[in-house]
There are 2 protein chains.
Amino acid sequence: MGTGEFDVIAHLQGRFPLVGDDAAVVAVPDGHLLLAADAVVEGVDFLAGCPLRDIGYRAVLVNASDVAAMGGRPLHVLVTVVAPADVDLIALMDGAAEGARVHGCEVAGGDLSGTEGPLVVSVAITGVVEGGAPVLRSGARAGDGVFVTGPLGAAAAAGYRLGAAWYPRARTAEGIAARQAGATAMIDVSDGFLADLGHVLDASGVGVRLDAVPAAPGATPEQALGGGDDYELIFTLPPAASPPQGSVRVGTITGDPTERPLAVGGWEHRFT
Amino acid sequence: MGTGEFDVIAHLQGRFPLVGDDAAVVAVPDGHLLLAADAVVEGVDFLAGCPLRDIGYRAVLVNASDVAAMGGRPLHVLVTVVAPADVDLIALMDGAAEGARVHGCEVAGGDLSGTEGPLVVSVAITGVVEGGAPVLRSGARAGDGVFVTGPLGAAAAAGYRLGAAWYPRARTAEGIAARQAGATAMIDVSDGFLADLGHVLDASGVGVRLDAVPAAPGATPEQALGGGDDYELIFTLPPAASPPQGSVRVGTITGDPTERPLAVGGWEHRFT
């Protein structure tokens, strides 16, 4: 590796107190424990030459967003890096550490390995839901309102690609507020609003009637409906519930699973 | 991917009940929670053409062994696969599922991603230490006996490489027994006995005087001292403690950190 692996491990052990034994020993507050994992891969999620700090940040962000989509907050990340020899692991881990800091969680360990192939950063995350149950994708019911936590399509409108020094944050507080408001289903917008809403409809066995979807400044309707990498949350609320401040109603769940908006072109994740 | 990604995800959701939302919601028994992660990489940890089932098993095994080395038992694994298009993901996940079954833990989720590079299987694991404290690498003290859970060098003697249909198990029960016997430090033999013992000596700031080290049938002394992939545990016990049945004393911790056995050639992890 570009930086000697043992130098990097020593650096990480100094910087992240939980790193350094066969496994990290961690404390978890009372509540429901969440586990998730997501990798970012060169040539798929980012292009070769993308700043390493951005890649490290992004790998943590996508996982923190998965925890936010359950109504939880992140606790720990494990960062596994499979990197060719010329990769500056310190820069990469600086980005991961920044991602952990922004999302209020700790780097608890991971693994470093060489490769002659593309860079892979694989993150696993723990999170917790305190004082309530996690919000699954499967709980939407006919009559529920459909909400988003903010306008959509900003990343697509900006022609966003990793390397644009764009550091969005997962909507952790918004997800907790939605859960506390009584959200029946929730998901994060990573592949695009329609694609991700479709996962909720599938899991819940319901349909939807959409009204207007708020578009970010400069975003076309197609970008708002199909653009990914936004990290806003989609959630459903029973008719009697009060939506959290800042959320926008975009439609209503129906009992007919065939009632679907037409798909627009999904977010293109693959650059090669 | 060779098998459509959505087919694979549907297969996994049917097979692993925890898979299917943004994050898995898991229960953890009372005790200390452990977190670890370890990847296996084509060209580094295994050769191209190695049976996929073996690779999936191995990725879980190395993580279960990390949990065993803390005196814990594994609870959940997250399996992240970054695979070229011709990889049979079902076969790979069958191996991971077998690894989880053998080690008494559940597949709680993960991620699937395409790549044009080498296959990477990244696993994160949770474990628990119940009714006591985890055993770190750093607790060995002068006068402690040094033990191993069994003879060493079997993998090296057999010329073992992934693909040999060898399915060792992590020494979970042995690690728990060592902890309950009062082990002050513990590590698993993954890189080789001397290399891994060296990590304990470094972390504890102590030295060692070795007696004989038990060699597996057919293993040379060099293979017993330097061979990796054995998954036995090394642990230290205070003089008054009774060693668990089946463990073998191999030496004594000293207060002089410069007192080290001569290194023999370490296990060669890189095949390319």
# chains A, B, ... in the order shown; residues from 1 in each chain; ligands from 1

call {"tool": "residues_around", "arguments": {"residues": "Gly132 of chain A", "least_positions_apart": "5", "cutoff": "12 Å", "atoms": "only C-alpha atoms", "output": "VMD selection string"}}
result
chain A and resid 30 to 33 70 to 72 176 to 183

call {"tool": "interface_residues", "arguments": {"of": "chain B", "to": "chain A", "cutoff": "6 Å", "atoms": "only C-alpha atoms", "output": "VMD selection string"}}
result
chain B and resid 22 to 26 33 to 38 66 110 to 111 117 to 118

call {"tool": "write_last_selection", "arguments": {"atoms": "N, CA and C atoms", "output": "mmCIF file, in the first residue's frame"}}
result
data_model
loop_
_atom_site.group_PDB
_atom_site.id
_atom_site.type_symbol
_atom_site.label_atom_id
_atom_site.label_comp_id
_atom_site.auth_asym_id
_atom_site.auth_seq_id
_atom_site.Cartn_x
_atom_site.Cartn_y
_atom_site.Cartn_z
ATOM 1 N N ASP B 22 -33.844 -1.187 5.179
ATOM 2 C CA ASP B 22 -32.623 -0.384 5.106
ATOM 3 C C ASP B 22 -31.581 -0.906 6.083
ATOM 4 N N ALA B 23 -32.044 -1.386 7.220
ATOM 5 C CA ALA B 23 -31.146 -1.965 8.224
ATOM 6 C C ALA B 23 -31.881 -3.113 8.890
ATOM 7 N N ALA B 24 -31.122 -4.060 9.426
ATOM 8 C CA ALA B 24 -31.728 -5.145 10.193
ATOM 9 C C ALA B 24 -31.935 -4.682 11.624
ATOM 10 N N VAL B 25 -33.036 -5.125 12.222
ATOM 11 C CA VAL B 25 -33.320 -4.836 13.630
ATOM 12 C C VAL B 25 -33.010 -6.111 14.403
ATOM 13 N N VAL B 26 -32.054 -6.048 15.305
ATOM 14 C CA VAL B 26 -31.589 -7.262 15.966
ATOM 15 C C VAL B 26 -31.665 -7.113 17.475
ATOM 16 N N LEU B 33 -21.001 -6.049 23.858
ATOM 17 C CA LEU B 33 -21.162 -6.233 22.417
ATOM 18 C C LEU B 33 -19.810 -6.085 21.724
ATOM 19 N N LEU B 34 -19.528 -6.992 20.798
ATOM 20 C CA LEU B 34 -18.285 -6.975 20.018
ATOM 21 C C LEU B 34 -18.604 -6.645 18.561
ATOM 22 N N LEU B 35 -17.719 -5.894 17.926
ATOM 23 C CA LEU B 35 -17.837 -5.570 16.496
ATOM 24 C C LEU B 35 -16.491 -5.811 15.826
ATOM 25 N N ALA B 36 -16.519 -6.444 14.651
ATOM 26 C CA ALA B 36 -15.282 -6.620 13.894
ATOM 27 C C ALA B 36 -15.628 -6.730 12.413
ATOM 28 N N ALA B 37 -14.625 -6.559 11.562
ATOM 29 C CA ALA B 37 -14.825 -6.690 10.120
ATOM 30 C C ALA B 37 -13.537 -7.180 9.483
ATOM 31 N N ASP B 38 -13.674 -7.967 8.448
ATOM 32 C CA ASP B 38 -12.536 -8.567 7.765
ATOM 33 C C ASP B 38 -12.988 -8.920 6.359
ATOM 34 N N ASP B 66 -12.245 -13.908 15.025
ATOM 35 C CA ASP B 66 -11.948 -12.669 15.765
ATOM 36 C C ASP B 66 -12.816 -12.545 17.015
ATOM 37 N N GLY B 110 -26.369 -7.036 4.349
ATOM 38 C CA GLY B 110 -25.159 -6.836 3.572
ATOM 39 C C GLY B 110 -25.459 -6.017 2.348
ATOM 40 N N ASP B 111 -24.665 -6.224 1.317
ATOM 41 C CA ASP B 111 -24.783 -5.412 0.117
ATOM 42 C C ASP B 111 -24.206 -6.213 -1.045
ATOM 43 N N GLY B 117 -13.477 -5.618 -11.432
ATOM 44 C CA GLY B 117 -12.230 -6.049 -10.800
ATOM 45 C C GLY B 117 -12.387 -7.379 -10.092
ATOM 46 N N PRO B 118 -11.440 -7.692 -9.226
ATOM 47 C CA PRO B 118 -11.469 -8.971 -8.513
ATOM 48 C C PRO B 118 -12.624 -9.042 -7.507
#

call {"tool": "atom_distance", "arguments": {"atom1": "atom CA of Gly145 of chain B", "atom2": "atom CA of Gly205 of chain B"}}
result
15.4 Å

call {"tool": "residues_around", "arguments": {"residues": "Gly139 of chain A", "least_positions_apart": "5", "cutoff": "8 Å", "atoms": "only C-alpha atoms", "output": "VMD selection string"}}
result
chain A and resid 184 to 185 203 to 204

call {"tool": "residues_around", "arguments": {"residues": "Asp211 of chain B", "least_positions_apart": "3", "cutoff": "12 Å", "atoms": "only C-alpha atoms", "output": "PDB file with N, CA and C atoms, in the first residue's frame"}}
result
ATOM      1  N   GLY B 145       1.260 -18.035  32.254  1.00  0.00           N
ATOM      2  CA  GLY B 145       1.545 -19.103  31.297  1.00  0.00           C
ATOM      3  C   GLY B 145       0.980 -18.754  29.930  1.00  0.00           C
ATOM      4  N   VAL B 146       1.633 -19.240  28.861  1.00  0.00           N
ATOM      5  CA  VAL B 146       1.143 -19.051  27.489  1.00  0.00           C
ATOM      6  C   VAL B 146       0.620 -20.391  26.990  1.00  0.00           C
ATOM      7  N   PHE B 147      -0.594 -20.399  26.467  1.00  0.00           N
ATOM      8  CA  PHE B 147      -1.255 -21.633  26.041  1.00  0.00           C
ATOM      9  C   PHE B 147      -1.755 -21.515  24.601  1.00  0.00           C
ATOM     10  N   VAL B 208       8.483 -13.094  26.276  1.00  0.00           N
ATOM     11  CA  VAL B 208       8.055 -14.488  26.440  1.00  0.00           C
ATOM     12  C   VAL B 208       9.265 -15.413  26.396  1.00  0.00           C
ATOM     13  N   PRO B 214       3.242 -27.358  20.207  1.00  0.00           N
ATOM     14  CA  PRO B 214       2.740 -28.606  19.620  1.00  0.00           C
ATOM     15  C   PRO B 214       2.489 -28.445  18.122  1.00  0.00           C
ATOM     16  N   LEU B 225       5.281 -22.888  13.825  1.00  0.00           N
ATOM     17  CA  LEU B 225       5.573 -21.548  14.359  1.00  0.00           C
ATOM     18  C   LEU B 225       5.139 -20.438  13.413  1.00  0.00           C
ATOM     19  N   VAL B 248      -2.752 -26.466  25.671  1.00  0.00           N
ATOM     20  CA  VAL B 248      -1.363 -26.914  25.827  1.00  0.00           C
ATOM     21  C   VAL B 248      -0.505 -25.716  26.206  1.00  0.00           C
ATOM     22  N   ARG B 249       0.275 -25.861  27.277  1.00  0.00           N
ATOM     23  CA  ARG B 249       1.153 -24.762  27.688  1.00  0.00           C
ATOM     24  C   ARG B 249       2.383 -24.735  26.786  1.00  0.00           C
ATOM     25  N   VAL B 250       2.722 -23.558  26.296  1.00  0.00           N
ATOM     26  CA  VAL B 250       3.850 -23.455  25.365  1.00  0.00           C
ATOM     27  C   VAL B 250       4.934 -22.503  25.856  1.00  0.00           C
ATOM     28  N   GLY B 251       4.714 -21.815  26.970  1.00  0.00           N
ATOM     29  CA  GLY B 251       5.746 -20.894  27.439  1.00  0.00           C
ATOM     30  C   GLY B 251       5.267 -20.045  28.588  1.00  0.00           C
ATOM     31  N   THR B 252       6.088 -19.036  28.926  1.00  0.00           N
ATOM     32  CA  THR B 252       5.830 -18.174  30.078  1.00  0.00           C
ATOM     33  C   THR B 252       6.102 -16.720  29.693  1.00  0.00           C
ATOM     34  N   ILE B 253       5.192 -15.851  30.088  1.00  0.00           N
ATOM     35  CA  ILE B 253       5.385 -14.409  29.869  1.00  0.00           C
ATOM     36  C   ILE B 253       6.459 -13.893  30.827  1.00  0.00           C
ATOM     37  N   PRO B 261      11.076 -14.678  20.923  1.00  0.00           N
ATOM     38  CA  PRO B 261      11.589 -15.782  20.106  1.00  0.00           C
ATOM     39  C   PRO B 261      12.013 -15.229  18.754  1.00  0.00           C
TER      40      PRO B 261
END

call {"tool": "select_by_dssp", "arguments": {"residues": "segment 12-239 of chain B", "states": "strand (DSSP E)", "output": "PyMOL selection string"}}
result
chain B and resi 24-26+32-41+73-83+106-114+120-129+145-148+185-188+207-210+233-237

call {"tool": "select_by_dssp", "arguments": {"residues": "segment 77-160 of chain B", "states": "helix (DSSP H, G or I)", "output": "number ranges by chain"}}
result
B: 89-102, 154-157

call {"tool": "residues_around", "arguments": {"residues": "Val189 of chain A", "least_positions_apart": "2", "cutoff": "9 Å", "atoms": "only C-alpha atoms", "output": "PyMOL selection string"}}
result
chain A and resi 65+152+187+191-197+227-234

call {"tool": "closest_residue", "arguments": {"among": "A:Val8, A:Ala170, A:Ile55, A:Ala142", "to": "Gly207 of chain A", "atoms": "only C-alpha atoms"}}
result
A:Ala142

call {"tool": "atom_distance", "arguments": {"atom1": "atom CA of Ala96 of chain A", "atom2": "atom CA of Val60 of chain A"}}
result
6.0 Å

call {"tool": "atom_distance", "arguments": {"atom1": "atom CA of Pro257 of chain B", "atom2": "atom CA of Leu201 of chain B"}}
result
7.1 Å

call {"tool": "decode", "arguments": {"residues": "segment 193-237 of chain B", "atoms": "N, CA and C atoms", "output": "compact mmCIF listing (two decimals), in the first residue's frame"}}
result
# COMPACT_ATOMS: atom_id res chain seq x y z
N PHE B 193 1.73 -18.46 14.44
CA PHE B 193 1.86 -18.42 15.89
C PHE B 193 2.78 -17.29 16.37
N LEU B 194 3.99 -17.22 15.80
CA LEU B 194 4.93 -16.21 16.30
C LEU B 194 4.46 -14.80 16.00
N ALA B 195 3.92 -14.60 14.82
CA ALA B 195 3.45 -13.26 14.45
C ALA B 195 2.30 -12.84 15.37
N ASP B 196 1.37 -13.75 15.62
CA ASP B 196 0.21 -13.38 16.42
C ASP B 196 0.56 -13.26 17.91
N LEU B 197 1.43 -14.16 18.39
CA LEU B 197 1.93 -14.00 19.77
C LEU B 197 2.62 -12.65 19.90
N GLY B 198 3.35 -12.26 18.87
CA GLY B 198 4.03 -10.96 18.88
C GLY B 198 3.06 -9.80 19.09
N HIS B 199 1.86 -9.90 18.53
CA HIS B 199 0.87 -8.83 18.74
C HIS B 199 0.46 -8.75 20.21
N VAL B 200 0.35 -9.90 20.87
CA VAL B 200 0.00 -9.91 22.30
C VAL B 200 1.15 -9.29 23.11
N LEU B 201 2.39 -9.68 22.78
CA LEU B 201 3.54 -9.14 23.52
C LEU B 201 3.63 -7.63 23.34
N ASP B 202 3.42 -7.16 22.11
CA ASP B 202 3.45 -5.71 21.83
C ASP B 202 2.37 -4.98 22.63
N ALA B 203 1.16 -5.52 22.55
CA ALA B 203 0.03 -4.83 23.19
C ALA B 203 0.16 -4.85 24.71
N SER B 204 0.79 -5.90 25.25
CA SER B 204 0.90 -6.04 26.70
C SER B 204 2.20 -5.46 27.25
N GLY B 205 3.16 -5.16 26.39
CA GLY B 205 4.45 -4.63 26.84
C GLY B 205 5.25 -5.64 27.63
N VAL B 206 5.24 -6.89 27.18
CA VAL B 206 5.93 -7.98 27.89
C VAL B 206 6.76 -8.79 26.90
N GLY B 207 7.54 -9.76 27.42
CA GLY B 207 8.27 -10.71 26.60
C GLY B 207 7.79 -12.11 26.85
N VAL B 208 8.48 -13.09 26.28
CA VAL B 208 8.05 -14.49 26.44
C VAL B 208 9.27 -15.41 26.40
N ARG B 209 9.18 -16.50 27.15
CA ARG B 209 10.12 -17.61 26.98
C ARG B 209 9.31 -18.81 26.51
N LEU B 210 9.62 -19.29 25.32
CA LEU B 210 8.85 -20.41 24.77
C LEU B 210 9.49 -21.74 25.14
N ASP B 211 8.63 -22.73 25.42
CA ASP B 211 9.08 -24.13 25.51
C ASP B 211 8.74 -24.76 24.16
N ALA B 212 8.27 -25.97 24.16
CA ALA B 212 7.89 -26.61 22.89
C ALA B 212 6.51 -26.13 22.46
N VAL B 213 6.31 -26.01 21.16
CA VAL B 213 5.00 -25.68 20.60
C VAL B 213 4.47 -26.93 19.90
N PRO B 214 3.24 -27.36 20.21
CA PRO B 214 2.74 -28.61 19.62
C PRO B 214 2.49 -28.44 18.12
N ALA B 215 3.06 -29.35 17.35
CA ALA B 215 2.89 -29.29 15.90
C ALA B 215 1.81 -30.29 15.48
N ALA B 216 0.99 -29.89 14.52
CA ALA B 216 -0.02 -30.79 13.96
C ALA B 216 0.70 -31.93 13.23
N PRO B 217 0.02 -33.08 13.06
CA PRO B 217 0.65 -34.21 12.36
C PRO B 217 1.19 -33.78 11.00
N GLY B 218 2.46 -34.08 10.77
CA GLY B 218 3.06 -33.76 9.48
C GLY B 218 3.64 -32.36 9.38
N ALA B 219 3.37 -31.50 10.39
CA ALA B 219 3.86 -30.12 10.32
C ALA B 219 5.29 -30.03 10.83
N THR B 220 6.13 -29.31 10.12
CA THR B 220 7.49 -29.05 10.58
C THR B 220 7.42 -27.98 11.68
N PRO B 221 8.51 -27.83 12.46
CA PRO B 221 8.52 -26.74 13.45
C PRO B 221 8.28 -25.38 12.80
N GLU B 222 8.85 -25.18 11.62
CA GLU B 222 8.64 -23.89 10.94
C GLU B 222 7.16 -23.68 10.60
N GLN B 223 6.52 -24.76 10.18
CA GLN B 223 5.09 -24.66 9.86
C GLN B 223 4.25 -24.42 11.12
N ALA B 224 4.64 -25.06 12.22
CA ALA B 224 3.90 -24.85 13.47
C ALA B 224 4.08 -23.42 13.99
N LEU B 225 5.28 -22.89 13.82
CA LEU B 225 5.57 -21.55 14.36
C LEU B 225 5.14 -20.44 13.41
N GLY B 226 5.16 -20.72 12.11
CA GLY B 226 4.93 -19.65 11.14
C GLY B 226 3.70 -19.82 10.28
N GLY B 227 3.10 -20.99 10.30
CA GLY B 227 1.98 -21.26 9.40
C GLY B 227 0.72 -20.53 9.87
N GLY B 228 -0.03 -20.00 8.93
CA GLY B 228 -1.27 -19.31 9.29
C GLY B 228 -2.48 -20.17 9.02
N ASP B 229 -3.64 -19.55 9.10
CA ASP B 229 -4.90 -20.21 8.75
C ASP B 229 -5.22 -21.39 9.65
N ASP B 230 -4.74 -21.35 10.90
CA ASP B 230 -5.01 -22.47 11.79
C ASP B 230 -6.26 -22.25 12.64
N TYR B 231 -6.49 -21.00 13.01
CA TYR B 231 -7.66 -20.63 13.81
C TYR B 231 -7.65 -21.19 15.22
N GLU B 232 -6.49 -21.77 15.66
CA GLU B 232 -6.37 -22.03 17.10
C GLU B 232 -6.22 -20.68 17.81
N LEU B 233 -6.40 -20.68 19.13
CA LEU B 233 -6.24 -19.46 19.92
C LEU B 233 -4.97 -19.56 20.76
N ILE B 234 -4.33 -18.44 20.96
CA ILE B 234 -3.23 -18.29 21.92
C ILE B 234 -3.79 -17.49 23.09
N PHE B 235 -3.56 -17.95 24.32
CA PHE B 235 -4.01 -17.13 25.45
C PHE B 235 -3.02 -17.25 26.60
N THR B 236 -3.12 -16.31 27.52
CA THR B 236 -2.25 -16.29 28.70
C THR B 236 -3.10 -16.43 29.94
N LEU B 237 -2.55 -17.15 30.94
CA LEU B 237 -3.27 -17.41 32.18
C LEU B 237 -2.35 -17.10 33.37
